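Q: See upload13.txt below, with compact mmCIF, C-alpha atoms and all ligand atoms.
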```txt
# COMPACT_ATOMS: atom_id res chain seq x y z
CA MET C 1 -31.69 39.30 23.37
CA ALA C 2 -34.64 39.24 21.02
CA THR C 3 -32.48 40.42 18.14
CA ARG C 4 -29.53 38.22 19.03
CA LEU C 5 -31.38 34.92 19.10
CA PRO C 6 -32.20 34.82 15.37
CA LEU C 7 -28.59 35.78 14.63
CA ALA C 8 -27.36 32.92 16.83
CA LEU C 9 -29.69 30.54 15.03
CA LEU C 10 -28.38 31.79 11.70
CA LEU C 11 -24.81 31.19 12.85
CA ILE C 12 -25.68 27.69 14.03
CA GLY C 13 -27.37 27.05 10.69
CA ALA C 14 -24.29 28.29 8.85
CA LEU C 15 -22.07 26.01 10.91
CA PHE C 16 -24.27 23.03 10.06
CA ALA C 17 -24.21 24.02 6.40
CA ALA C 18 -20.41 24.31 6.50
CA SER C 19 -19.98 20.94 8.16
CA ALA C 20 -22.39 19.38 5.65
CA ALA C 21 -20.31 20.82 2.79
CA GLU C 22 -17.12 19.45 4.33
CA ALA C 23 -18.73 16.05 4.74
CA ARG C 24 -19.33 15.95 0.99
CA ALA C 25 -15.61 15.82 0.23
CA VAL C 26 -13.29 13.25 1.76
CA SER C 27 -9.66 12.38 1.29
CA PHE C 28 -7.94 9.47 2.95
CA ASN C 29 -4.49 8.02 3.56
CA VAL C 30 -3.71 4.41 4.39
CA ASP C 31 -0.10 3.78 5.46
CA SER C 32 1.41 0.28 5.21
CA TYR C 33 -1.30 -0.61 2.70
CA ARG C 34 -0.91 -4.35 2.01
CA GLU C 35 -4.10 -5.55 0.29
CA PHE C 36 -7.38 -4.44 -1.25
CA GLU C 37 -9.75 -6.34 1.00
CA ASP C 38 -9.76 -7.13 4.68
CA ASP C 39 -8.37 -10.68 4.44
CA THR C 40 -5.53 -10.33 6.96
CA PRO C 41 -4.70 -8.09 9.94
CA PHE C 42 -2.75 -5.77 7.62
CA ALA C 43 -3.98 -2.45 6.28
CA HIS C 44 -6.48 -2.57 3.42
CA SER C 45 -8.60 -0.23 1.33
CA PRO C 46 -11.66 1.44 2.87
CA LEU C 47 -13.52 1.29 -0.45
CA PRO C 48 -14.79 -2.34 -0.40
CA GLY C 49 -16.62 -1.61 2.85
CA LEU C 50 -18.57 1.39 1.55
CA GLY C 51 -21.34 -0.48 -0.25
CA LEU C 52 -20.74 1.21 -3.60
CA GLY C 53 -22.80 0.25 -6.62
CA TYR C 54 -19.67 -0.90 -8.40
CA LEU C 55 -15.96 -0.96 -7.55
CA ILE C 56 -13.08 -1.69 -9.92
CA LEU C 57 -9.57 -2.73 -8.86
CA GLU C 58 -6.71 -2.57 -11.36
CA ASP C 59 -3.81 -4.46 -9.74
CA PHE C 60 -1.85 -4.96 -13.01
CA GLU C 61 -1.43 -8.66 -12.28
CA ASP C 62 -2.40 -9.57 -15.87
CA GLY C 63 0.41 -7.34 -17.13
CA LEU C 64 -1.98 -4.71 -18.49
CA LEU C 65 -3.68 -1.45 -17.58
CA ASN C 66 -7.01 -2.62 -18.97
CA ALA C 67 -9.63 -1.84 -16.33
CA PRO C 68 -12.67 -0.41 -18.13
CA GLY C 69 -13.07 3.35 -18.27
CA VAL C 70 -9.56 4.50 -17.35
CA THR C 71 -6.46 5.58 -19.28
CA ALA C 72 -3.06 6.89 -18.14
CA SER C 73 -0.93 9.80 -19.32
CA ARG C 74 2.28 7.73 -19.17
CA GLY C 75 3.90 4.67 -17.64
CA SER C 76 3.91 0.93 -18.14
CA VAL C 77 3.33 -2.28 -16.23
CA VAL C 78 6.38 -4.05 -14.80
CA GLY C 79 6.35 -7.77 -14.06
CA PRO C 80 8.04 -9.80 -11.34
CA GLY C 81 11.64 -8.83 -10.63
CA ILE C 82 14.07 -7.80 -7.92
CA PHE C 83 13.08 -4.12 -8.15
CA THR C 84 9.34 -4.70 -8.63
CA ASP C 85 7.22 -3.32 -5.83
CA SER C 86 3.69 -4.64 -6.20
CA ILE C 87 1.16 -4.41 -3.41
CA ASP C 88 2.12 -7.19 -1.04
CA ALA C 89 -0.95 -9.45 -1.30
CA ASP C 90 -0.93 -9.62 -5.12
CA ASP C 91 1.57 -12.50 -5.13
CA GLY C 92 -0.69 -14.50 -2.82
CA SER C 93 1.28 -13.88 0.36
CA VAL C 94 1.38 -10.86 2.67
CA ASP C 95 5.02 -11.38 3.56
CA GLY C 96 6.61 -7.93 3.35
CA LEU C 97 7.63 -8.28 -0.32
CA GLY C 98 6.03 -7.40 -3.65
CA GLN C 99 8.74 -8.59 -6.04
CA ALA C 100 6.61 -11.48 -7.37
CA GLY C 101 3.73 -9.23 -8.37
CA HIS C 102 3.19 -6.52 -10.99
CA SER C 103 3.25 -2.77 -10.50
CA TYR C 104 2.95 0.33 -12.70
CA SER C 105 6.18 2.20 -13.42
CA VAL C 106 5.55 5.93 -13.75
CA GLN C 107 8.69 6.98 -15.72
CA GLY C 108 8.08 10.67 -15.15
CA GLU C 109 7.51 13.16 -12.32
CA ASN C 110 3.77 12.57 -12.41
CA VAL C 111 1.08 10.40 -13.88
CA ASP C 112 -2.58 11.17 -14.55
CA PHE C 113 -5.38 8.63 -14.69
CA PHE C 114 -8.40 9.79 -16.68
CA PHE C 115 -11.89 8.36 -16.13
CA ASP C 116 -14.42 7.97 -18.94
CA ALA C 117 -18.01 8.75 -17.91
CA ASP C 118 -19.35 7.19 -21.12
CA VAL C 119 -17.78 3.83 -20.33
CA LEU C 120 -18.51 3.94 -16.60
CA GLY C 121 -22.02 5.37 -16.83
CA ALA C 122 -20.88 8.41 -14.83
CA LEU C 123 -17.64 9.69 -13.38
CA PRO C 124 -16.48 7.64 -10.37
CA THR C 125 -17.19 9.19 -6.99
CA HIS C 126 -14.42 7.25 -5.23
CA VAL C 127 -10.85 6.93 -6.52
CA ALA C 128 -7.64 5.71 -4.86
CA ILE C 129 -4.08 4.86 -5.92
CA ALA C 130 -1.21 3.27 -4.01
CA TRP C 131 2.35 4.59 -4.09
CA THR C 132 4.76 1.67 -3.68
CA ASP C 133 8.35 2.68 -4.42
CA VAL C 134 10.88 5.25 -5.59
CA GLY C 135 13.90 3.98 -7.51
CA ASN C 136 16.63 6.46 -6.60
CA ARG C 137 16.32 5.61 -2.93
CA PRO C 138 16.34 8.96 -1.14
CA ALA C 139 17.38 8.03 2.40
CA ASN C 140 14.45 9.78 4.03
CA GLY C 141 11.88 8.80 1.46
CA GLU C 142 10.24 11.17 -0.97
CA ALA C 143 7.32 13.56 -0.75
CA VAL C 144 4.36 12.92 -3.03
CA SER C 145 1.19 14.85 -3.73
CA VAL C 146 -2.10 13.60 -5.13
CA PHE C 147 -4.88 15.66 -6.71
CA ALA C 148 -8.45 15.00 -7.81
CA PHE C 149 -10.00 16.96 -10.70
CA ASN C 150 -13.67 17.44 -11.54
CA ALA C 151 -15.33 17.32 -14.96
CA SER C 152 -14.19 20.91 -15.59
CA ASP C 153 -10.59 19.84 -14.93
CA ALA C 154 -10.38 21.94 -11.75
CA ILE C 155 -8.59 20.58 -8.68
CA VAL C 156 -11.25 19.76 -6.10
CA GLU C 157 -9.26 17.70 -3.61
CA SER C 158 -5.59 17.39 -2.75
CA ILE C 159 -3.22 15.54 -0.46
CA VAL C 160 0.03 17.47 -0.50
CA GLY C 161 3.58 16.63 0.50
CA ILE C 162 3.18 13.28 2.21
CA THR C 163 6.59 11.69 2.83
CA VAL C 164 6.69 8.03 1.84
CA GLY C 165 9.44 5.47 1.42
CA GLU C 166 12.14 4.02 3.65
CA GLY C 167 15.20 4.15 1.39
CA LEU C 168 14.86 0.58 0.08
CA ASN C 169 13.91 -0.35 -3.50
CA THR C 170 13.80 -4.14 -3.69
CA GLY C 171 10.10 -4.81 -3.27
CA GLN C 172 9.63 -3.94 0.41
CA THR C 173 5.97 -3.29 1.13
CA GLY C 174 5.82 -1.93 4.68
CA GLU C 175 5.88 1.68 3.46
CA ASP C 176 3.35 1.31 0.63
CA HIS C 177 0.72 4.01 0.94
CA LEU C 178 -2.83 4.36 -0.42
CA PHE C 179 -4.17 7.82 -1.27
CA GLY C 180 -7.82 8.34 -2.09
CA PHE C 181 -10.68 10.76 -2.56
CA GLU C 182 -14.45 10.86 -2.41
CA ARG C 183 -16.36 13.46 -4.42
CA PRO C 184 -20.10 12.97 -4.96
CA GLU C 185 -20.08 15.05 -8.17
CA GLY C 186 -17.52 12.70 -9.73
CA ILE C 187 -13.78 12.62 -10.34
CA ALA C 188 -12.60 13.01 -13.94
CA ARG C 189 -8.86 12.69 -13.31
CA ILE C 190 -6.38 12.03 -10.54
CA ARG C 191 -2.72 13.00 -10.57
CA ILE C 192 -0.01 11.57 -8.34
CA LYS C 193 3.34 13.33 -8.49
CA SER C 194 6.79 13.12 -7.01
CA ASP C 195 7.55 16.36 -5.17
CA THR C 196 11.25 15.42 -5.17
CA GLY C 197 11.43 15.24 -8.97
CA SER C 198 11.98 11.49 -9.21
CA THR C 199 11.25 9.96 -12.61
CA ASP C 200 11.63 6.35 -11.46
CA TRP C 201 8.90 5.22 -9.10
CA GLU C 202 5.93 2.89 -8.93
CA VAL C 203 2.22 2.83 -8.16
CA ASP C 204 -0.28 -0.03 -7.91
CA HIS C 205 -3.90 -0.80 -7.01
CA LEU C 206 -5.73 1.88 -8.93
CA GLN C 207 -9.29 1.57 -7.63
CA PHE C 208 -12.47 3.45 -8.41
CA GLY C 209 -16.21 3.13 -8.12
CA GLY C 210 -19.49 4.86 -7.58
CA PRO C 211 -23.16 4.48 -6.78
CA GLY C 212 -24.22 3.42 -10.28
CA ALA C 213 -24.03 0.07 -12.05
CA GLY C 214 -20.61 0.81 -13.54
CA PRO C 215 -19.39 -0.23 -16.98
CA ALA C 216 -22.01 -1.88 -19.15
CA VAL C 217 -19.54 -4.20 -20.88
CA PRO C 218 -16.49 -5.12 -18.78
CA GLU C 219 -13.18 -5.83 -20.48
CA PRO C 220 -12.72 -9.50 -21.44
CA THR C 221 -10.12 -9.92 -18.70
CA SER C 222 -12.34 -8.36 -16.07
CA LEU C 223 -14.67 -10.07 -13.70
CA ALA C 224 -18.31 -9.23 -13.21
CA LEU C 225 -19.24 -10.58 -9.85
CA VAL C 226 -22.23 -10.51 -7.58
CA GLY C 227 -21.80 -10.79 -3.84
CA LEU C 228 -18.85 -10.09 -1.60
CA GLY C 229 -18.03 -13.75 -1.00
CA ALA C 230 -17.92 -14.52 -4.71
CA ALA C 231 -15.80 -11.44 -5.34
CA ALA C 232 -13.28 -12.32 -2.67
CA LEU C 233 -13.07 -15.93 -3.81
CA ALA C 234 -12.70 -15.13 -7.48
CA SER C 235 -10.24 -12.30 -6.94
CA ARG C 236 -7.85 -14.79 -5.38
CA ARG C 237 -8.14 -17.07 -8.38
CA ARG C 238 -7.69 -14.51 -11.09
CA ARG C 239 -6.30 -11.04 -10.84
CA GLY C 240 -5.75 -8.22 -13.26
CA ALA C 241 -8.81 -6.02 -13.12
CA ALA C 242 -11.81 -6.98 -11.09
CA VAL C 243 -15.22 -5.33 -11.40
CA ARG C 244 -17.54 -5.80 -8.48
CA ARG C 245 -21.19 -4.94 -8.34
CA CA S 1 3.94 -10.54 -1.04
CA CA S 2 0.11 -5.46 -8.35
CA CA S 3 7.42 -0.40 -1.28
CA CA S 4 -5.08 -5.23 -15.61
```
Now, as a test, write the supplied structure out as structure tokens.

A:
Amino acid sequence: MATRLPLALLLIGALFAASAAEARAVSFNVDSYREFEDDTPFAHSPLPGLGLGYLILEDFEDGLLNAPGVTASRGSVVGPGIFTDSIDADDGSVDGLGQAGHSYSVQGENVDFFFDADVLGALPTHVAIAWTDVGNRPANGEAVSVFAFNASDAIVESIVGITVGEGLNTGQTGEDHLFGFERPEGIARIRIKSDTGSTDWEVDHLQFGGPGAGPAVPEPTSLALVGLGAAALASRRRRGAAVRR
């Protein structure tokens, strides 16, 4: 027994170390994602509740991908229309439709969003993106995968083969799905891809933040806000890209 006890303690220590390592990396899924903040009974992002130093939401409602510190490999913003599938709350009403909002059309099998540590002060530790629609309407939805890359461009987190979609493509929001990651060492890039090879689909609500102060000089269209109440109030008045500290 005398020789086994230290071994048992070592094993317990190793288990604690393993669980601590696992706790450092988090991925999350939010199905039926309808809004960024917890304003209604519908599903929202977990990020506003984490007390991050800064948090940026790009909802594309100003017609531009212009949140500070992020660029995309492809795609373009689409405005209101019958096939537009914005996140539900962006048009001011959580009513099951996103046609009156703006989304980001991928126009390819995947899209990467790159984060700039120089602009943001450091790489974001928390990143999420919402899938909202696929245009060719596969009856059983489509499978998508999402990956997070570190500063060395290695995949450090993944969510693989999640089936989303309900076969409708005219702005329905009940199946919109938020995918996100937390990595304390920072996320340099995320990729979301269609596993079914679709080149006509949409995303919305790119959101990212971290423990630091965030971008030193926000974009002119962005909002620098202090306090949750002020952020919630102002985000209803003016959308596009909101920076919260
Ligand atoms: Ca709506
Ligand atoms: Ca939107
Ligand atoms: Ca949708
Ligand atoms: Ca914008």

Q: How many Å separate CA of Leu123 in chain C from CA of Gln207 in chain C?

A: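 Atom-to-atom, CA of Leu123 in chain C and CA of Gln207 in chain C are spaced 13.0 Å apart.
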
Q: Figure out the distance between CA of Glu142 in chain C and CA of Ser194 in chain C, please, to one decimal in Å.

A: 7.2 Å

Q: For Asp176 in chain C, which residue among C:Phe42, C:Tyr54, C:Phe60, C:Phe114 is the nearest when counting all atoms listed in the file?

A: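 Ranked by minimum distance to Asp176 in chain C, first place goes to C:Phe42.
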
Q: Got a sec to check which residues lie within 7 Å of ligand CA 4 (chain S), using only C-alpha atoms and all ligand atoms, and send them as a JSON list (two decimals) with C-alpha atoms, in the frame of the given file?

A:
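After the write, out.json holds the following:
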```json
[["chain", "number", "residue", "atom", "x", "y", "z"],
["C", 58, "GLU", "CA", -6.71, -2.57, -11.36],
["C", 59, "ASP", "CA", -3.81, -4.46, -9.74],
["C", 60, "PHE", "CA", -1.85, -4.96, -13.01],
["C", 61, "GLU", "CA", -1.43, -8.66, -12.28],
["C", 62, "ASP", "CA", -2.40, -9.57, -15.87],
["C", 63, "GLY", "CA", 0.41, -7.34, -17.13],
["C", 64, "LEU", "CA", -1.98, -4.71, -18.49],
["C", 65, "LEU", "CA", -3.68, -1.45, -17.58],
["C", 66, "ASN", "CA", -7.01, -2.62, -18.97],
["C", 67, "ALA", "CA", -9.63, -1.84, -16.33],
["C", 240, "GLY", "CA", -5.75, -8.22, -13.26],
["C", 241, "ALA", "CA", -8.81, -6.02, -13.12]]
```

Q: Just how far from CA of Ala154 in chain C is CA of Ala188 in chain C, in Å to one decimal?

A: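 Pair CA of Ala188 in chain C / CA of Ala154 in chain C returns 9.5 Å.
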
Q: So, counting only C-alpha atoms and all ligand atoms, which residue among C:Gly79, C:Gly165, C:Pro46, C:Gly121 is closest to ligand CA 3 (chain S)?

A: C:Gly165

Q: Could you give me, as a list in words, every polymer residue with an atom at most 8 Å away from an atom of ligand CA 1 (chain S), counting only C-alpha atoms and all ligand atoms?

A: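 Taking only C-alpha atoms and all ligand atoms into account, the residues around ligand CA 1 (chain S) at most 8 Å away are Ser86, Ile87, Asp88, Ala89, Asp90, Asp91, Gly92, Ser93, Val94, Asp95, Gly96, Leu97, Gly98, Gln99, Ala100, Gly101 and Thr173 of chain C.
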
Q: Return as an MDAnalysis selection string the residues of protein, DNA or RNA that approach ligand CA 3 (chain S) to within 12 Å, with all atoms listed in the file taken into account.

A: chainID C and resid 31:34 82:88 96:99 101 103 130:135 137 141:142 164:178 201:204

Q: Filtering to C-alpha atoms, could you give me those residues as a PDB file, keeping the file's coordinate frame?

A:
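Result file follows (selection_20.pdb):
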```pdb
ATOM      1  CA  ASP C  31      -0.100   3.780   5.460  1.00  0.00           C
ATOM      2  CA  SER C  32       1.410   0.280   5.210  1.00  0.00           C
ATOM      3  CA  TYR C  33      -1.300  -0.610   2.700  1.00  0.00           C
ATOM      4  CA  ARG C  34      -0.910  -4.350   2.010  1.00  0.00           C
ATOM      5  CA  ILE C  82      14.070  -7.800  -7.920  1.00  0.00           C
ATOM      6  CA  PHE C  83      13.080  -4.120  -8.150  1.00  0.00           C
ATOM      7  CA  THR C  84       9.340  -4.700  -8.630  1.00  0.00           C
ATOM      8  CA  ASP C  85       7.220  -3.320  -5.830  1.00  0.00           C
ATOM      9  CA  SER C  86       3.690  -4.640  -6.200  1.00  0.00           C
ATOM     10  CA  ILE C  87       1.160  -4.410  -3.410  1.00  0.00           C
ATOM     11  CA  ASP C  88       2.120  -7.190  -1.040  1.00  0.00           C
ATOM     12  CA  GLY C  96       6.610  -7.930   3.350  1.00  0.00           C
ATOM     13  CA  LEU C  97       7.630  -8.280  -0.320  1.00  0.00           C
ATOM     14  CA  GLY C  98       6.030  -7.400  -3.650  1.00  0.00           C
ATOM     15  CA  GLN C  99       8.740  -8.590  -6.040  1.00  0.00           C
ATOM     16  CA  GLY C 101       3.730  -9.230  -8.370  1.00  0.00           C
ATOM     17  CA  SER C 103       3.250  -2.770 -10.500  1.00  0.00           C
ATOM     18  CA  ALA C 130      -1.210   3.270  -4.010  1.00  0.00           C
ATOM     19  CA  TRP C 131       2.350   4.590  -4.090  1.00  0.00           C
ATOM     20  CA  THR C 132       4.760   1.670  -3.680  1.00  0.00           C
ATOM     21  CA  ASP C 133       8.350   2.680  -4.420  1.00  0.00           C
ATOM     22  CA  VAL C 134      10.880   5.250  -5.590  1.00  0.00           C
ATOM     23  CA  GLY C 135      13.900   3.980  -7.510  1.00  0.00           C
ATOM     24  CA  ARG C 137      16.320   5.610  -2.930  1.00  0.00           C
ATOM     25  CA  GLY C 141      11.880   8.800   1.460  1.00  0.00           C
ATOM     26  CA  GLU C 142      10.240  11.170  -0.970  1.00  0.00           C
ATOM     27  CA  VAL C 164       6.690   8.030   1.840  1.00  0.00           C
ATOM     28  CA  GLY C 165       9.440   5.470   1.420  1.00  0.00           C
ATOM     29  CA  GLU C 166      12.140   4.020   3.650  1.00  0.00           C
ATOM     30  CA  GLY C 167      15.200   4.150   1.390  1.00  0.00           C
ATOM     31  CA  LEU C 168      14.860   0.580   0.080  1.00  0.00           C
ATOM     32  CA  ASN C 169      13.910  -0.350  -3.500  1.00  0.00           C
ATOM     33  CA  THR C 170      13.800  -4.140  -3.690  1.00  0.00           C
ATOM     34  CA  GLY C 171      10.100  -4.810  -3.270  1.00  0.00           C
ATOM     35  CA  GLN C 172       9.630  -3.940   0.410  1.00  0.00           C
ATOM     36  CA  THR C 173       5.970  -3.290   1.130  1.00  0.00           C
ATOM     37  CA  GLY C 174       5.820  -1.930   4.680  1.00  0.00           C
ATOM     38  CA  GLU C 175       5.880   1.680   3.460  1.00  0.00           C
ATOM     39  CA  ASP C 176       3.350   1.310   0.630  1.00  0.00           C
ATOM     40  CA  HIS C 177       0.720   4.010   0.940  1.00  0.00           C
ATOM     41  CA  LEU C 178      -2.830   4.360  -0.420  1.00  0.00           C
ATOM     42  CA  TRP C 201       8.900   5.220  -9.100  1.00  0.00           C
ATOM     43  CA  GLU C 202       5.930   2.890  -8.930  1.00  0.00           C
ATOM     44  CA  VAL C 203       2.220   2.830  -8.160  1.00  0.00           C
ATOM     45  CA  ASP C 204      -0.280  -0.030  -7.910  1.00  0.00           C
TER      46      ASP C 204
END
```

Q: Nearest residue to His205 in chain C out of C:Val78, C:Val70, C:Ile56, C:Val144, using only C-alpha atoms?

A: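 Smallest distance to His205 in chain C is found for C:Ile56.
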
Q: Using all atoms listed in the file, pick whichever of C:Val119, C:Ala143, C:Val127, C:Ala216 has the shortest atom-to-atom distance to Leu55 in chain C.

A: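 With all atoms listed in the file as the atom set, the closest residue is C:Val127.
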
Q: Could you give me the centre and size, in Å to one decimal, of an axis-aligned box around all listed atoms of range 42-48 of chain C with 4 Å added on every side, as lines of an AutoDock Vina configuration file?

A:
```
center_x = -8.8
center_y = -2.2
center_z = 3.6
size_x = 20.0
size_y = 15.2
size_z = 16.1
```

Q: Could you tell me which of C:Ile187, C:Leu120, C:Leu52, C:Ile129 comes closest to ligand CA 2 (chain S) if we count all atoms listed in the file?

A: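 Between C:Ile187, C:Leu120, C:Leu52, C:Ile129, the residue approaching ligand CA 2 (chain S) most closely is C:Ile129.
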